[in-house]
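Q: What follows is protein.txt, made up of compact mmCIF, C-alpha atoms:
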# COMPACT_ATOMS: atom_id res chain seq x y z
CA MET A 108 -6.44 -58.40 -13.39
CA LYS A 109 -4.16 -57.18 -16.13
CA MET A 110 -3.63 -53.48 -16.60
CA THR A 111 -4.71 -51.97 -19.87
CA ARG A 112 -2.30 -50.07 -22.08
CA ARG A 113 -3.93 -46.79 -21.10
CA GLN A 114 -3.51 -47.56 -17.39
CA ARG A 115 0.15 -48.47 -17.88
CA LYS A 116 0.73 -45.27 -19.82
CA PHE A 117 -0.95 -43.23 -17.07
CA GLY A 118 1.13 -44.99 -14.40
CA HIS A 119 4.36 -44.24 -16.31
CA SER A 120 3.33 -40.59 -16.64
CA VAL A 121 2.67 -40.34 -12.90
CA VAL A 122 6.07 -41.85 -12.09
CA ILE A 123 7.82 -39.47 -14.50
CA PHE A 124 5.93 -36.49 -13.08
CA ILE A 125 6.82 -37.42 -9.49
CA GLY A 126 10.48 -37.95 -10.43
CA ALA A 127 10.64 -34.64 -12.32
CA THR A 128 9.02 -32.82 -9.39
CA CYS A 129 11.51 -34.28 -6.92
CA ALA A 130 14.42 -33.35 -9.21
CA VAL A 131 13.16 -29.77 -9.58
CA LEU A 132 12.69 -29.38 -5.83
CA PHE A 133 16.14 -30.81 -5.16
CA CYS A 134 17.77 -28.40 -7.62
CA VAL A 135 15.72 -25.27 -6.91
CA PHE A 136 15.47 -25.47 -3.10
CA PRO A 137 19.06 -24.26 -2.37
CA PHE A 138 18.52 -21.17 -4.52
CA TYR A 139 15.11 -20.58 -2.91
CA TYR A 140 16.59 -20.83 0.57
CA ALA A 141 19.37 -18.42 -0.45
CA ILE A 142 16.70 -15.90 -1.47
CA ILE A 143 14.87 -16.35 1.85
CA THR A 144 18.12 -15.92 3.78
CA SER A 145 19.08 -12.80 1.82
CA LEU A 146 15.87 -11.10 2.98
CA ARG A 147 16.49 -11.72 6.68
CA THR A 148 18.56 -9.83 9.25
CA GLY A 149 19.77 -10.18 12.80
CA GLN A 150 18.90 -13.33 14.71
CA GLU A 151 16.41 -14.37 12.00
CA LEU A 152 19.36 -15.62 9.96
CA PHE A 153 19.95 -18.45 12.43
CA LEU A 154 16.33 -19.57 12.77
CA PRO A 155 15.16 -22.32 10.37
CA ALA A 156 12.29 -21.02 8.25
CA TYR A 157 11.03 -21.90 4.79
CA LEU A 158 8.76 -18.90 4.26
CA PRO A 159 9.82 -15.23 4.30
CA SER A 160 8.96 -13.45 7.53
CA GLY A 161 9.86 -10.05 6.11
CA TYR A 162 11.57 -8.31 3.22
CA HIS A 163 14.77 -6.61 4.35
CA TRP A 164 16.42 -5.26 1.18
CA SER A 165 19.27 -3.75 3.16
CA ASN A 166 21.38 -6.85 2.52
CA TYR A 167 21.27 -6.18 -1.23
CA VAL A 168 22.21 -2.53 -0.72
CA THR A 169 25.13 -3.59 1.48
CA ALA A 170 26.32 -6.19 -1.03
CA LEU A 171 26.00 -4.04 -4.16
CA VAL A 172 27.09 -0.66 -2.81
CA ASP A 173 29.07 -1.02 0.40
CA ASN A 174 30.96 -4.20 -0.55
CA GLY A 175 31.44 -3.31 -4.23
CA ILE A 176 29.69 -6.27 -5.81
CA ALA A 177 28.32 -4.00 -8.54
CA ARG A 178 31.86 -3.23 -9.71
CA SER A 179 32.84 -6.90 -9.47
CA LEU A 180 29.80 -7.84 -11.56
CA LEU A 181 31.01 -5.56 -14.35
CA ASN A 182 34.48 -7.12 -14.15
CA SER A 183 33.04 -10.63 -14.34
CA VAL A 184 30.78 -9.74 -17.28
CA LEU A 185 33.69 -8.16 -19.15
CA VAL A 186 36.09 -11.05 -18.55
CA ALA A 187 33.54 -13.78 -19.32
CA THR A 188 32.27 -12.06 -22.48
CA ILE A 189 35.75 -11.49 -23.91
CA THR A 190 36.72 -15.07 -23.06
CA VAL A 191 33.68 -16.48 -24.84
CA GLY A 192 34.25 -14.27 -27.88
CA ILE A 193 37.90 -15.32 -28.26
CA CYS A 194 37.09 -18.99 -27.65
CA LEU A 195 34.32 -19.12 -30.25
CA LEU A 196 36.30 -17.18 -32.86
CA VAL A 197 39.40 -19.35 -32.49
CA SER A 198 37.57 -22.65 -32.03
CA ILE A 199 35.33 -22.32 -35.10
CA THR A 200 38.35 -21.70 -37.35
CA ALA A 201 40.39 -24.42 -35.63
CA SER A 202 37.52 -26.91 -35.86
CA PHE A 203 37.18 -26.16 -39.59
CA ALA A 204 40.86 -26.97 -40.09
CA LEU A 205 40.70 -30.13 -37.98
CA ALA A 206 37.50 -31.39 -39.58
CA ARG A 207 37.99 -30.39 -43.23
CA VAL A 208 41.70 -29.92 -43.94
CA PRO A 209 43.62 -33.23 -44.24
CA PHE A 210 47.11 -33.11 -42.77
CA ARG A 211 49.46 -35.52 -41.05
CA GLY A 212 49.01 -35.86 -37.29
CA ARG A 213 45.45 -34.56 -37.20
CA LYS A 214 44.17 -37.36 -34.94
CA PHE A 215 47.15 -36.97 -32.62
CA LEU A 216 46.48 -33.23 -32.39
CA LEU A 217 42.84 -33.86 -31.50
CA PHE A 218 43.92 -36.36 -28.86
CA THR A 219 46.37 -33.81 -27.45
CA ILE A 220 43.63 -31.17 -27.27
CA LEU A 221 41.42 -33.61 -25.38
CA CYS A 222 44.24 -34.41 -22.94
CA VAL A 223 44.96 -30.73 -22.30
CA SER A 224 41.33 -30.17 -21.30
CA MET A 225 41.75 -32.78 -18.55
CA PHE A 226 44.53 -30.93 -16.70
CA PRO A 227 43.43 -29.50 -13.33
CA GLN A 228 43.99 -25.80 -12.83
CA VAL A 229 46.22 -26.24 -9.81
CA ALA A 230 48.66 -28.29 -11.91
CA VAL A 231 49.48 -25.32 -14.15
CA LEU A 232 49.00 -22.50 -11.66
CA THR A 233 52.74 -21.86 -11.24
CA GLY A 234 53.38 -21.88 -14.98
CA MET A 235 50.43 -19.58 -15.66
CA PHE A 236 51.63 -17.20 -12.95
CA GLU A 237 55.07 -16.95 -14.54
CA LEU A 238 53.52 -16.42 -17.98
CA VAL A 239 51.17 -13.73 -16.71
CA ARG A 240 54.00 -11.91 -14.96
CA PHE A 241 56.25 -12.20 -18.03
CA LEU A 242 53.56 -10.64 -20.22
CA GLY A 243 53.00 -7.83 -17.73
CA LEU A 244 49.38 -8.80 -17.11
CA TYR A 245 49.58 -9.35 -13.38
CA ASP A 246 46.81 -7.57 -11.46
CA SER A 247 44.83 -6.91 -14.64
CA LEU A 248 41.71 -8.42 -16.16
CA GLY A 249 43.84 -9.51 -19.13
CA ALA A 250 45.45 -12.15 -16.92
CA LEU A 251 42.05 -13.70 -16.28
CA VAL A 252 41.06 -13.57 -19.97
CA LEU A 253 44.32 -15.32 -20.89
CA SER A 254 43.99 -18.06 -18.27
CA TYR A 255 40.27 -18.66 -18.85
CA THR A 256 40.74 -18.82 -22.63
CA THR A 257 43.57 -21.30 -22.19
CA PHE A 258 41.33 -23.68 -20.27
CA SER A 259 38.14 -23.15 -22.30
CA LEU A 260 39.63 -23.47 -25.78
CA PRO A 261 40.41 -27.24 -25.75
CA PHE A 262 36.82 -28.10 -24.85
CA THR A 263 35.24 -25.74 -27.38
CA VAL A 264 37.59 -26.87 -30.17
CA TRP A 265 36.88 -30.54 -29.46
CA VAL A 266 33.10 -30.09 -29.37
CA LEU A 267 32.91 -27.90 -32.48
CA THR A 268 35.20 -30.25 -34.41
CA THR A 269 32.81 -33.11 -33.66
CA PHE A 270 29.87 -31.03 -34.89
CA MET A 271 31.80 -29.85 -37.94
CA LYS A 272 32.49 -33.44 -39.01
CA SER A 273 28.74 -34.17 -39.03
CA ILE A 274 28.02 -31.40 -41.58
CA PRO A 275 27.68 -32.80 -45.13
CA VAL A 276 30.65 -32.03 -47.38
CA GLU A 277 28.23 -31.23 -50.23
CA LEU A 278 27.34 -27.91 -48.58
CA GLU A 279 30.97 -26.85 -48.61
CA GLU A 280 31.47 -28.03 -52.18
CA ALA A 281 28.41 -26.11 -53.36
CA ALA A 282 29.77 -22.95 -51.74
CA ILE A 283 33.15 -23.47 -53.41
CA VAL A 284 31.46 -23.89 -56.81
CA ASP A 285 29.71 -20.55 -56.20
CA GLY A 286 33.10 -18.94 -55.64
CA ALA A 287 33.01 -18.61 -51.86
CA LYS A 288 36.32 -18.24 -50.04
CA THR A 289 37.27 -20.15 -46.89
CA TRP A 290 36.23 -17.40 -44.44
CA THR A 291 32.96 -16.90 -46.32
CA ILE A 292 32.24 -20.63 -46.05
CA ILE A 293 32.92 -20.55 -42.32
CA ARG A 294 30.82 -17.43 -41.76
CA ARG A 295 27.91 -18.06 -44.15
CA VAL A 296 27.67 -21.87 -44.23
CA PHE A 297 29.10 -23.40 -41.08
CA ALA A 298 28.33 -20.71 -38.47
CA PRO A 299 24.50 -20.79 -38.94
CA ILE A 300 24.45 -24.60 -38.85
CA LEU A 301 26.71 -24.67 -35.80
CA ALA A 302 24.60 -22.08 -33.95
CA PRO A 303 23.24 -24.57 -31.33
CA ALA A 304 26.74 -25.92 -30.68
CA LEU A 305 28.16 -22.39 -30.50
CA VAL A 306 25.53 -21.37 -27.96
CA THR A 307 26.08 -24.49 -25.85
CA THR A 308 29.87 -24.29 -25.77
CA GLY A 309 29.79 -20.51 -25.39
CA LEU A 310 27.44 -20.71 -22.40
CA LEU A 311 29.58 -23.40 -20.74
CA ALA A 312 32.69 -21.28 -21.28
CA PHE A 313 30.84 -18.26 -19.87
CA ILE A 314 29.77 -20.18 -16.75
CA GLY A 315 33.31 -21.48 -16.27
CA ALA A 316 34.77 -17.97 -16.46
CA TRP A 317 31.96 -16.55 -14.31
CA ASN A 318 32.47 -19.03 -11.46
CA GLU A 319 36.27 -19.39 -11.55
CA PHE A 320 37.95 -18.59 -8.24
CA MET A 321 41.56 -19.78 -8.02
CA PHE A 322 43.08 -17.80 -10.91
CA ALA A 323 41.05 -14.72 -9.98
CA LEU A 324 42.34 -14.91 -6.42
CA THR A 325 45.96 -15.47 -7.51
CA PHE A 326 46.31 -12.99 -10.37
CA ILE A 327 44.25 -10.06 -9.01
CA ILE A 328 45.13 -8.13 -5.86
CA SER A 329 43.37 -4.80 -6.43
CA GLY A 330 39.90 -4.57 -4.95
CA ASP A 331 38.42 -2.71 -7.93
CA LYS A 332 39.53 -5.45 -10.34
CA ARG A 333 38.21 -8.48 -8.46
CA THR A 334 35.61 -10.71 -10.03
CA VAL A 335 32.46 -11.77 -8.22
CA PRO A 336 33.57 -15.06 -6.57
CA VAL A 337 36.63 -13.43 -5.01
CA ALA A 338 34.69 -10.31 -3.99
CA ILE A 339 32.11 -12.44 -2.15
CA SER A 340 34.85 -14.37 -0.35
CA MET A 341 36.24 -11.05 0.93
CA PHE A 342 33.04 -10.05 2.72
CA SER A 343 33.66 -9.26 6.37
CA GLY A 344 31.39 -8.51 9.30
CA ALA A 345 31.52 -5.97 12.07
CA SER A 346 34.10 -8.10 13.90
CA THR A 347 36.58 -10.87 13.15
CA PHE A 348 34.19 -13.51 14.44
CA GLU A 349 31.15 -12.38 12.45
CA LEU A 350 30.17 -13.50 8.96
CA PRO A 351 27.59 -11.35 7.14
CA TRP A 352 25.43 -14.22 5.94
CA GLY A 353 22.64 -11.93 4.77
CA SER A 354 24.94 -9.92 2.51
CA ILE A 355 26.69 -13.06 1.26
CA MET A 356 23.38 -14.66 0.31
CA ALA A 357 22.20 -11.45 -1.35
CA ALA A 358 25.38 -11.30 -3.43
CA SER A 359 25.02 -15.00 -4.31
CA VAL A 360 21.47 -14.43 -5.54
CA VAL A 361 22.53 -11.45 -7.66
CA VAL A 362 25.44 -13.43 -9.13
CA THR A 363 23.27 -16.44 -9.98
CA LEU A 364 20.54 -14.48 -11.76
CA PRO A 365 22.54 -13.69 -14.96
CA ILE A 366 23.27 -17.39 -15.52
CA ILE A 367 19.61 -18.28 -15.02
CA VAL A 368 18.55 -15.56 -17.48
CA LEU A 369 21.04 -16.77 -20.11
CA VAL A 370 19.89 -20.38 -19.76
CA LEU A 371 16.22 -19.36 -20.09
CA ILE A 372 16.95 -17.23 -23.17
CA PHE A 373 19.01 -19.87 -24.98
CA GLN A 374 17.34 -23.02 -23.62
CA LYS A 375 16.10 -24.18 -27.04
CA ARG A 376 19.53 -23.68 -28.58
CA ILE A 377 21.17 -25.48 -25.67
CA VAL A 378 18.89 -28.51 -25.95
CA SER A 379 19.37 -28.57 -29.72
CA GLY A 380 23.13 -28.35 -29.31
CA LEU A 381 23.24 -31.14 -26.73
CA THR A 382 21.06 -33.49 -28.78
CA SER A 383 22.43 -32.79 -32.28
CA GLY A 384 23.97 -35.88 -33.72
CA ALA A 385 22.33 -38.17 -31.17
CA ILE A 386 20.27 -39.92 -33.87
CA LYS A 387 22.89 -39.68 -36.60
CA GLY A 388 23.29 -43.01 -38.34
As structure tokens, how would this structure be written, given the file I've shared?
A:
Amino acid sequence: MKMTRRQRKFGHSVVIFIGATCAVLFCVFPFYYAIITSLRTGQELFLPAYLPSGYHWSNYVTALVDNGIARSLLNSVLVATITVGICLLVSITASFALARVPFRGRKFLLFTILCVSMFPQVAVLTGMFELVRFLGLYDSLGALVLSYTTFSLPFTVWVLTTFMKSIPVELEEAAIVDGAKTWTIIRRVFAPILAPALVTTGLLAFIGAWNEFMFALTFIISGDKRTVPVAISMFSGASTFELPWGSIMAASVVVTLPIIVLVLIFQKRIVSGLTSGAIKG
């Protein structure tokens, strides 16, 4: 017997729901288990359990106060915020020039920017170290801002240039007729239209700076200037052979929460930024 259209539609909905549920469980379960582990102490840490047997908040106190994660959180927030601000300010002006100003070698420059974004960090670590030391930024948060901006800018410029090209030229021409200058056009015309793209690229740059480990480990040696990933890696137990898993999981939960909050706040902008231009003819 043939299935009716309504039955087929219901079957497709069930399959999609089951697939979405499995995907959510697969993505959320590690974070859930980290929360469960962060609330356990002693031998409980090594016993498999999927429900909390108690709520031991001492791990969070140890991570935030005794191990200095609170200070490292402020360092990470400062570095990531400054990096995003510089990237967006530079990339929106650069994308305007690459998308609207005709000059020789523009396509080659765009291709070069794309190639630079493909370089692995380890390939330029030595050069970045020499540059940081030459500028006198070693063991300072400025070294991290410089290195993170260097790696985030190519991606943000490339993405915003693509979005800028999709904006009708008539909007710019109308602003010019009204007497608007170049910076006014960028600030009053392009910036509001590019808001979804700015949020998407800014959030990706923020996550990249927030999670970066290698540059932070190489350029920072003072404990009070470490960012969160390096600070967590420096956790030590009561002896050489002990790892404080409870404190590590507590710190990981605390570090992950800001990213989750940002994604929840800007989720509509992110989806809009990722899908803009997808149906452009």
Q: Have a look at CA of Ile176 (chain A) and CA of Ala358 (chain A) and let me know their distance in Å, one decimal.
A: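 Computed distance, CA of Ile176 (chain A) to CA of Ala358 (chain A), equals 7.0 Å.
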Q: Extract, using all atoms listed in the file, all DNA, RNA and protein residues at most 9 Å from Cys194 (chain A), discarding same-chain residues fewer than 6 positions from it, and format them as a PyMOL selection string.
A: chain A and resi 256-257+259-260+263-264+309+312
Q: Selection from above, C-alpha atoms, as a short mmCIF file (atom, residue, chain, number, x, y, z; two decimals), in the frame of the given file, can you write it?
A:
data_model
loop_
_atom_site.label_atom_id
_atom_site.label_comp_id
_atom_site.auth_asym_id
_atom_site.auth_seq_id
_atom_site.Cartn_x
_atom_site.Cartn_y
_atom_site.Cartn_z
CA THR A 256 40.74 -18.82 -22.63
CA THR A 257 43.57 -21.30 -22.19
CA SER A 259 38.14 -23.15 -22.30
CA LEU A 260 39.63 -23.47 -25.78
CA THR A 263 35.24 -25.74 -27.38
CA VAL A 264 37.59 -26.87 -30.17
CA GLY A 309 29.79 -20.51 -25.39
CA ALA A 312 32.69 -21.28 -21.28
#
Q: List every protein, DNA or RNA residue that has at least one atom no more than 12 Å from (26.9, -23.2, -43.2) in the file's coordinates, counting all atoms listed in the file, and write the result as a short mmCIF file (atom, residue, chain, number, x, y, z; two decimals) with C-alpha atoms, in the coordinates of the input.
A:
data_model
loop_
_atom_site.label_atom_id
_atom_site.label_comp_id
_atom_site.auth_asym_id
_atom_site.auth_seq_id
_atom_site.Cartn_x
_atom_site.Cartn_y
_atom_site.Cartn_z
CA ILE A 199 35.33 -22.32 -35.10
CA PHE A 203 37.18 -26.16 -39.59
CA PHE A 270 29.87 -31.03 -34.89
CA MET A 271 31.80 -29.85 -37.94
CA SER A 273 28.74 -34.17 -39.03
CA ILE A 274 28.02 -31.40 -41.58
CA PRO A 275 27.68 -32.80 -45.13
CA VAL A 276 30.65 -32.03 -47.38
CA GLU A 277 28.23 -31.23 -50.23
CA LEU A 278 27.34 -27.91 -48.58
CA GLU A 279 30.97 -26.85 -48.61
CA GLU A 280 31.47 -28.03 -52.18
CA ALA A 281 28.41 -26.11 -53.36
CA ALA A 282 29.77 -22.95 -51.74
CA ILE A 283 33.15 -23.47 -53.41
CA ALA A 287 33.01 -18.61 -51.86
CA THR A 289 37.27 -20.15 -46.89
CA TRP A 290 36.23 -17.40 -44.44
CA THR A 291 32.96 -16.90 -46.32
CA ILE A 292 32.24 -20.63 -46.05
CA ILE A 293 32.92 -20.55 -42.32
CA ARG A 294 30.82 -17.43 -41.76
CA ARG A 295 27.91 -18.06 -44.15
CA VAL A 296 27.67 -21.87 -44.23
CA PHE A 297 29.10 -23.40 -41.08
CA ALA A 298 28.33 -20.71 -38.47
CA PRO A 299 24.50 -20.79 -38.94
CA ILE A 300 24.45 -24.60 -38.85
CA LEU A 301 26.71 -24.67 -35.80
CA ALA A 302 24.60 -22.08 -33.95
#
Q: (21.5, -12.0, -6.0) in this file's frame - what residues fall within 12 Å of it? Use all atoms listed in the file and give the answer as JSON, numbers by chain.
A: {"A": [138, 139, 141, 142, 143, 144, 145, 146, 164, 166, 167, 168, 169, 170, 171, 176, 177, 180, 335, 339, 353, 354, 355, 356, 357, 358, 359, 360, 361, 362, 363, 364, 365, 366, 367]}
Q: Quick one, how far is CA of Leu350 (chain A) from CA of Ala187 (chain A)?
A: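 CA of Leu350 (chain A) sits 28.5 Å away from CA of Ala187 (chain A).
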Q: Counting only C-alpha atoms, figure out which residue out of A:Thr307, A:Met235, A:Ala230, A:Phe342 gets nearest to Ile372 (chain A).
A: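 Smallest separation from Ile372 (chain A) among the options: A:Thr307.
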Q: Give the answer as one residue: which of A:Ser202, A:Cys134, A:Thr268, A:Gly161 has the shortest atom-to-atom distance to Arg147 (chain A), using all atoms listed in the file?
A: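 Residue with the minimum atom-to-atom distance to Arg147 (chain A): A:Gly161.
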Q: Using only C-alpha atoms, determine which residues lie at most 8 Å from Asn182 (chain A), disregarding the query and same-chain residues fewer than 6 positions distant; provide the list as a VMD selection string.
A: chain A and resid 248 332 to 335
Q: So the first atom is CA of Phe258 (chain A) and the second is CA of Cys222 (chain A); what is the distance between them in Å, to one decimal place?
A: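 A separation of 11.4 Å between them.
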Q: I'd like the contact shell of region 313-322 of chain A - 7 Å cut-off, all atoms listed in the file, skipping same-chain residues fewer than 5 positions apart - returned as a PyMOL selection string.
A: chain A and resi 183+187-188+191+251+255+336-337
Q: Identify which of the residues A:Thr128, A:Thr200, A:Gln374, A:Thr325 lies closest to Ser247 (chain A), counting only C-alpha atoms when measuring atom-to-atom distances.
A: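 Once distances to Ser247 (chain A) are computed over only C-alpha atoms, the minimum belongs to A:Thr325.
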Q: Find, counting only C-alpha atoms, the residue in A:Gly175, A:Val266, A:Lys272, A:Ala323 that gets nearest to Val208 (chain A).
A: A:Lys272
Q: Point out the residue among A:Gly126, A:Pro261, A:Pro137, A:Pro159 with the least atom-to-atom distance to Thr219 (chain A), counting all atoms listed in the file.
A: A:Pro261
Q: So which one's closest to Phe153 (chain A), A:Trp352, A:Leu324, A:Leu369, A:Ser120? Using only C-alpha atoms, please.
A: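 With only C-alpha atoms as the atom set, the closest residue is A:Trp352.
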